[in-house]
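Colleague: Take this structure first; my questions come after.
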Amino acid sequence: MRAEQCLSVVMPCFNEADTVKVIAERVLESPFTRELIIVDDGSTDGTAENARGINDRRVNVFLQPMNLGKGAALRRGFMYATSPYVIVQDADLEYDPAEYGLMLEPLLDGRADVVFGSRFHVARPHRVLYYWHSVGNRVLTAVSNMATNLNLSDMETCYKAFRREVIQSIEIEEDRFGFEPEITAKVARGGWRIYEVGISYAGRTYAEGKKIVWRDGVRAMYCILRYNLPRGKRAVAPSGGPRRR
Ligand SMILES: Nc1nc2c(ncn2[C@@H]2O[C@H](COP(=O)(O)OP(=O)(O)OP(=O)(O)O)[C@@H](O)[C@H]2O)c(=O)[nH]1
Ligand SMILES: [Mg+2]
């Protein structure tokens, strides 16, 4: 398979008018990007207008009827993906599309079904910020790992890439940031082959637009329990190639 143009990039946006065009340009510069699916999540700051102003036929902009959350925006965006691989791209400037190649490598060579980009695993450039956030991330990842029996180092990372069949076979129930623990639980439970690669991270401050708050951490803990407890329903579809770890 040709590696170029193999990727659907799904970008949830809520009030990111300042960055949506810049990040979209970086996404479109990647040789891997076949389509960019922007889902505007009821923004009130002109994000949708800015997104619609991007002049590239690879871009599709969808509007949520109101602010419904990141998980709901991703659920919508994944539905429209048509490329062999799909990646989540936040609309701030924290994650770098120049690293799609790193994320795709284990997928392209057939070793992985899902790849997590870890902000903690290797020494790529990282902005130094908020110690207690990093502790919170590590605690959530540790509890998630205990529940899933995976040895991830960064469960909450935005950079998650999937074979398209995998992500489109999973029902996403969480509307907001509970998406991260939910999807982690479901790919673990589905027995999909998961890889992790080190990525860089340019975290932002609250003054620069950071929105995540302690309540999101509490919800994440709840979601770890909720989606890992035994349930009647399995979260995988019957189709799709190799999937045993
Ligand atoms: N905060 C927030 N983000 C949303 C929502 N819907 C979609 N998003 C998008 O989801 C992505 C992640 O949101 P962020 O606020 O950057 O969350 P984060 O990266 O976990 O946390 P910080 O950047 O540290 O605040 C961004 O592209 C947002 O624009 C929503 O309802 N609230
Ligand atoms: Mg962010």
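By convention here, the chains of the structure tokens are called A, B, ... in the order presented, each chain's residues are numbered starting at 1, and ligands are numbered starting at 1 in the order presented.
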Please find the residues contacting ligand 2 at a distance of at most 8 Å between atoms, with only C-alpha atoms and all ligand atoms counted, and report them as a PDB file with N, CA and C atoms, in the first residue's frame.
Modeller:
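Below is the file that was written, pocket_13.pdb:
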ATOM      1  N   ASP A  90      -6.452  17.219  17.872  1.00  0.00           N
ATOM      2  CA  ASP A  90      -7.054  18.379  18.532  1.00  0.00           C
ATOM      3  C   ASP A  90      -6.768  19.632  17.718  1.00  0.00           C
ATOM      4  N   ALA A  91      -7.624  20.641  17.919  1.00  0.00           N
ATOM      5  CA  ALA A  91      -7.521  21.858  17.102  1.00  0.00           C
ATOM      6  C   ALA A  91      -6.662  22.941  17.734  1.00  0.00           C
ATOM      7  N   ASP A  92      -6.105  22.650  18.922  1.00  0.00           N
ATOM      8  CA  ASP A  92      -5.113  23.585  19.445  1.00  0.00           C
ATOM      9  C   ASP A  92      -3.761  23.189  18.831  1.00  0.00           C
ATOM     10  N   LEU A  93      -2.685  23.749  19.314  1.00  0.00           N
ATOM     11  CA  LEU A  93      -1.402  23.481  18.647  1.00  0.00           C
ATOM     12  C   LEU A  93      -0.499  22.584  19.490  1.00  0.00           C
ATOM     13  N   GLU A  94      -1.126  21.741  20.322  1.00  0.00           N
ATOM     14  CA  GLU A  94      -0.340  20.949  21.275  1.00  0.00           C
ATOM     15  C   GLU A  94       0.323  19.726  20.637  1.00  0.00           C
ATOM     16  N   CYS A 158      -4.160  12.758  23.161  1.00  0.00           N
ATOM     17  CA  CYS A 158      -5.056  12.993  22.005  1.00  0.00           C
ATOM     18  C   CYS A 158      -4.676  12.118  20.835  1.00  0.00           C
ATOM     19  N   GLY A 203       2.277  21.707  25.296  1.00  0.00           N
ATOM     20  CA  GLY A 203       1.117  22.022  26.127  1.00  0.00           C
ATOM     21  C   GLY A 203       0.866  23.519  26.197  1.00  0.00           C
ATOM     22  N   ARG A 204      -0.391  23.874  26.428  1.00  0.00           N
ATOM     23  CA  ARG A 204      -0.721  25.305  26.534  1.00  0.00           C
ATOM     24  C   ARG A 204      -1.136  25.622  27.976  1.00  0.00           C
ATOM     25  N   LYS A 210      -6.195  26.638  27.587  1.00  0.00           N
ATOM     26  CA  LYS A 210      -6.377  25.307  28.186  1.00  0.00           C
ATOM     27  C   LYS A 210      -7.719  25.265  28.895  1.00  0.00           C
ATOM     28  N   LYS A 211      -8.465  24.179  28.706  1.00  0.00           N
ATOM     29  CA  LYS A 211      -9.825  24.160  29.252  1.00  0.00           C
ATOM     30  C   LYS A 211     -10.061  23.026  30.230  1.00  0.00           C
ATOM     31  N   ILE A 212      -9.186  22.029  30.208  1.00  0.00           N
ATOM     32  CA  ILE A 212      -9.453  20.845  31.016  1.00  0.00           C
ATOM     33  C   ILE A 212      -9.388  21.205  32.509  1.00  0.00           C
TER      34      ILE A 212
END
Colleague: Quick one: residues within 12 Å of Arg231 in chain A, only C-alpha atoms counted, chain neighbours fewer than 5 positions away excluded, as a list in words?
Modeller: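 These residues fall inside the cut-off: Ala185, Lys186, Arg189, Leu225 and Arg226 of chain A.
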Colleague: Please produce a file of the residues just selected, as a PDB file, in the first residue's frame, where the atoms kept are all heavy atoms.
Modeller:
ATOM      1  N   ALA A 185     -10.495   1.383  27.077  1.00  0.00           N
ATOM      2  CA  ALA A 185     -11.119   0.152  27.594  1.00  0.00           C
ATOM      3  C   ALA A 185     -11.620  -0.719  26.452  1.00  0.00           C
ATOM      4  O   ALA A 185     -11.454  -1.947  26.461  1.00  0.00           O
ATOM      5  CB  ALA A 185     -12.276   0.516  28.527  1.00  0.00           C
ATOM      6  N   LYS A 186     -12.199  -0.078  25.450  1.00  0.00           N
ATOM      7  CA  LYS A 186     -12.832  -0.868  24.383  1.00  0.00           C
ATOM      8  C   LYS A 186     -11.805  -1.489  23.423  1.00  0.00           C
ATOM      9  O   LYS A 186     -12.031  -2.587  22.933  1.00  0.00           O
ATOM     10  CB  LYS A 186     -13.870  -0.011  23.650  1.00  0.00           C
ATOM     11  CG  LYS A 186     -15.082   0.221  24.552  1.00  0.00           C
ATOM     12  CD  LYS A 186     -16.190   1.011  23.901  1.00  0.00           C
ATOM     13  CE  LYS A 186     -17.395   1.036  24.849  1.00  0.00           C
ATOM     14  NZ  LYS A 186     -18.519   1.838  24.300  1.00  0.00           N
ATOM     15  N   ARG A 189     -10.408  -4.424  25.475  1.00  0.00           N
ATOM     16  CA  ARG A 189     -11.377  -5.507  25.554  1.00  0.00           C
ATOM     17  C   ARG A 189     -11.550  -6.211  24.207  1.00  0.00           C
ATOM     18  O   ARG A 189     -11.790  -7.406  24.138  1.00  0.00           O
ATOM     19  CB  ARG A 189     -12.717  -4.921  25.999  1.00  0.00           C
ATOM     20  CG  ARG A 189     -13.686  -5.946  26.474  1.00  0.00           C
ATOM     21  CD  ARG A 189     -14.930  -5.234  26.939  1.00  0.00           C
ATOM     22  NE  ARG A 189     -14.839  -4.989  28.366  1.00  0.00           N
ATOM     23  CZ  ARG A 189     -15.880  -5.136  29.187  1.00  0.00           C
ATOM     24  NH1 ARG A 189     -17.061  -5.482  28.707  1.00  0.00           N
ATOM     25  NH2 ARG A 189     -15.746  -4.913  30.464  1.00  0.00           N
ATOM     26  N   LEU A 225     -13.803   2.884  35.390  1.00  0.00           N
ATOM     27  CA  LEU A 225     -14.566   1.825  36.067  1.00  0.00           C
ATOM     28  C   LEU A 225     -15.728   1.378  35.178  1.00  0.00           C
ATOM     29  O   LEU A 225     -15.927   0.192  34.936  1.00  0.00           O
ATOM     30  CB  LEU A 225     -15.094   2.341  37.413  1.00  0.00           C
ATOM     31  CG  LEU A 225     -13.990   2.780  38.390  1.00  0.00           C
ATOM     32  CD1 LEU A 225     -14.585   3.351  39.661  1.00  0.00           C
ATOM     33  CD2 LEU A 225     -13.070   1.587  38.725  1.00  0.00           C
ATOM     34  N   ARG A 226     -16.441   2.333  34.669  1.00  0.00           N
ATOM     35  CA  ARG A 226     -17.642   2.002  33.906  1.00  0.00           C
ATOM     36  C   ARG A 226     -17.360   1.101  32.703  1.00  0.00           C
ATOM     37  O   ARG A 226     -18.048   0.123  32.474  1.00  0.00           O
ATOM     38  CB  ARG A 226     -18.302   3.294  33.428  1.00  0.00           C
ATOM     39  CG  ARG A 226     -19.459   3.020  32.524  1.00  0.00           C
ATOM     40  CD  ARG A 226     -20.300   4.214  32.193  1.00  0.00           C
ATOM     41  NE  ARG A 226     -21.380   3.749  31.333  1.00  0.00           N
ATOM     42  CZ  ARG A 226     -22.107   4.515  30.569  1.00  0.00           C
ATOM     43  NH1 ARG A 226     -21.906   5.806  30.582  1.00  0.00           N
ATOM     44  NH2 ARG A 226     -23.036   3.993  29.804  1.00  0.00           N
TER      45      ARG A 226
END
Colleague: Could you give me the residues within 9 Å of ligand 1, counting only C-alpha atoms and all ligand atoms, as an mmCIF file with C-alpha atoms, in the first residue's frame?
Modeller:
data_model
loop_
_atom_site.group_PDB
_atom_site.id
_atom_site.type_symbol
_atom_site.label_atom_id
_atom_site.label_comp_id
_atom_site.auth_asym_id
_atom_site.auth_seq_id
_atom_site.Cartn_x
_atom_site.Cartn_y
_atom_site.Cartn_z
ATOM 1 C CA MET A 11 -10.518 17.277 14.297
ATOM 2 C CA PRO A 12 -13.046 18.211 16.992
ATOM 3 C CA CYS A 13 -13.179 21.992 17.523
ATOM 4 C CA PHE A 14 -14.758 23.995 20.273
ATOM 5 C CA ASN A 15 -13.935 27.710 20.306
ATOM 6 C CA GLU A 16 -10.579 27.353 18.566
ATOM 7 C CA VAL A 20 -8.081 26.153 13.592
ATOM 8 C CA VAL A 39 -16.359 18.863 13.431
ATOM 9 C CA ASP A 40 -17.278 22.207 14.928
ATOM 10 C CA ASP A 41 -18.844 21.642 18.316
ATOM 11 C CA GLY A 42 -21.195 24.614 18.628
ATOM 12 C CA SER A 43 -18.411 27.185 18.790
ATOM 13 C CA ASN A 67 -21.933 22.117 22.074
ATOM 14 C CA LEU A 68 -22.060 18.389 22.762
ATOM 15 C CA GLY A 69 -18.439 17.583 23.698
ATOM 16 C CA LYS A 70 -15.308 16.040 22.219
ATOM 17 C CA GLY A 71 -16.583 12.449 22.293
ATOM 18 C CA ALA A 72 -19.772 13.381 20.459
ATOM 19 C CA ALA A 73 -17.773 15.354 17.863
ATOM 20 C CA LEU A 74 -15.442 12.400 17.302
ATOM 21 C CA GLN A 89 -6.154 15.725 15.941
ATOM 22 C CA ASP A 90 -7.054 18.379 18.532
ATOM 23 C CA ALA A 91 -7.521 21.858 17.102
ATOM 24 C CA ASP A 92 -5.113 23.585 19.445
ATOM 25 C CA LEU A 93 -1.402 23.481 18.647
ATOM 26 C CA GLU A 94 -0.340 20.949 21.275
ATOM 27 C CA TYR A 95 0.219 17.977 18.958
ATOM 28 C CA HIS A 133 -1.557 17.655 35.742
ATOM 29 C CA GLU A 156 -5.220 10.477 27.975
ATOM 30 C CA THR A 157 -3.180 11.402 24.890
ATOM 31 C CA CYS A 158 -5.056 12.993 22.005
ATOM 32 C CA ASP A 175 -19.968 12.655 24.786
ATOM 33 C CA ARG A 176 -17.139 14.552 26.467
ATOM 34 C CA PHE A 177 -13.588 13.821 27.620
ATOM 35 C CA GLY A 203 1.117 22.022 26.127
ATOM 36 C CA ARG A 204 -0.721 25.305 26.534
ATOM 37 C CA THR A 205 -1.486 27.333 29.632
ATOM 38 C CA TYR A 206 -4.941 28.312 30.866
ATOM 39 C CA GLY A 209 -6.855 28.490 26.190
ATOM 40 C CA LYS A 210 -6.377 25.307 28.186
ATOM 41 C CA LYS A 211 -9.825 24.160 29.252
ATOM 42 C CA ILE A 212 -9.453 20.845 31.016
ATOM 43 C CA VAL A 213 -10.369 21.009 34.741
ATOM 44 C CA ASP A 216 -12.707 16.002 33.838
#
Colleague: Just the residues within 12 Å of Arg57 in chain A, please, counting only C-alpha atoms, with nothing from its chain fewer than 5 positions along; format it as a list in words.
Modeller: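 Listed by chain and then number, they are Leu28, Thr33, Arg34, Glu35, Leu36, Ile37 and Arg52 of chain A.
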Colleague: DSSP on the backbone, alpha helix (DSSP H) only: what residues of chain A does that give? Format it as a ChimeraX atom specification.
Modeller: /A:20-29,47-52,70-80,100-108,131-148,164-168,179-189,214-228
Colleague: Quick one, how far is CA of Asn50 in chain A from CA of Arg26 in chain A?
Modeller: 15.1 Å
Colleague: Pick from A:Cys223, A:Val135, A:Val27, A:Ala207: nearest to Ser153 in chain A, with only C-alpha atoms counted?
Modeller: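 Comparing A:Cys223, A:Val135, A:Val27, A:Ala207 against Ser153 in chain A, the winner is A:Val135.
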Colleague: Using only C-alpha atoms, which residue out of A:Ser83, A:Thr44, A:Asn55, A:Thr19 lies closest to Glu4 in chain A?
Modeller: A:Ser83
Colleague: Ranking A:Tyr100, A:Tyr85, A:Phe116, A:Tyr80 by minimum distance to Ile183 in chain A and counting only C-alpha atoms, which one comes first?
Modeller: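 Of all the options, A:Phe116 lies closest to Ile183 in chain A.
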Colleague: Of the candidates A:Tyr227, A:Phe162, A:Phe120, A:Tyr130, which one gets nearest to Ser8 in chain A if we count only C-alpha atoms?
Modeller: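 For Ser8 in chain A, the nearest of the given residues is A:Phe162.
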Colleague: For Leu150 in chain A, find every residue with an atom within 10 Å (counting only C-alpha atoms), except residues of its own chain fewer than 6 positions away, and show them as a PyMOL selection string.
Modeller: chain A and resi 141-142+144+184-185+188+194
Colleague: For those residues, write C-alpha atoms to a file as an mmCIF file, in the first residue's frame.
Modeller:
data_model
loop_
_atom_site.group_PDB
_atom_site.id
_atom_site.type_symbol
_atom_site.label_atom_id
_atom_site.label_comp_id
_atom_site.auth_asym_id
_atom_site.auth_seq_id
_atom_site.Cartn_x
_atom_site.Cartn_y
_atom_site.Cartn_z
ATOM 1 C CA THR A 141 -3.195 5.900 33.178
ATOM 2 C CA ALA A 142 -2.143 3.604 36.037
ATOM 3 C CA SER A 144 -6.742 2.373 33.490
ATOM 4 C CA THR A 184 -8.879 2.616 25.766
ATOM 5 C CA ALA A 185 -11.119 0.152 27.594
ATOM 6 C CA ALA A 188 -8.252 -3.453 25.203
ATOM 7 C CA ILE A 194 -1.961 -1.715 20.488
#
Colleague: According to DSSP computed on the backbone, where in range 96-151 of chain A is there strand (DSSP E)? Give the residues as a PyMOL selection string.
Modeller: chain A and resi 114-118
Colleague: Between A:Cys6, A:Met221, A:Leu229, A:Ile23, single out the one closest to Leu107 in chain A, counting only C-alpha atoms.
Modeller: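 Among A:Cys6, A:Met221, A:Leu229, A:Ile23, it is A:Cys6 that comes nearest to Leu107 in chain A.
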Colleague: State, in Å with one decimal place, the distance from CA of Arg111 in chain A to CA of Met79 in chain A.
Modeller: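 Atom-to-atom, CA of Arg111 in chain A and CA of Met79 in chain A are spaced 24.4 Å apart.
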Colleague: Quick one, how far is CA of Val115 in chain A from CA of Val10 in chain A?
Modeller: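 Going from CA of Val115 in chain A over to CA of Val10 in chain A covers 15.1 Å.
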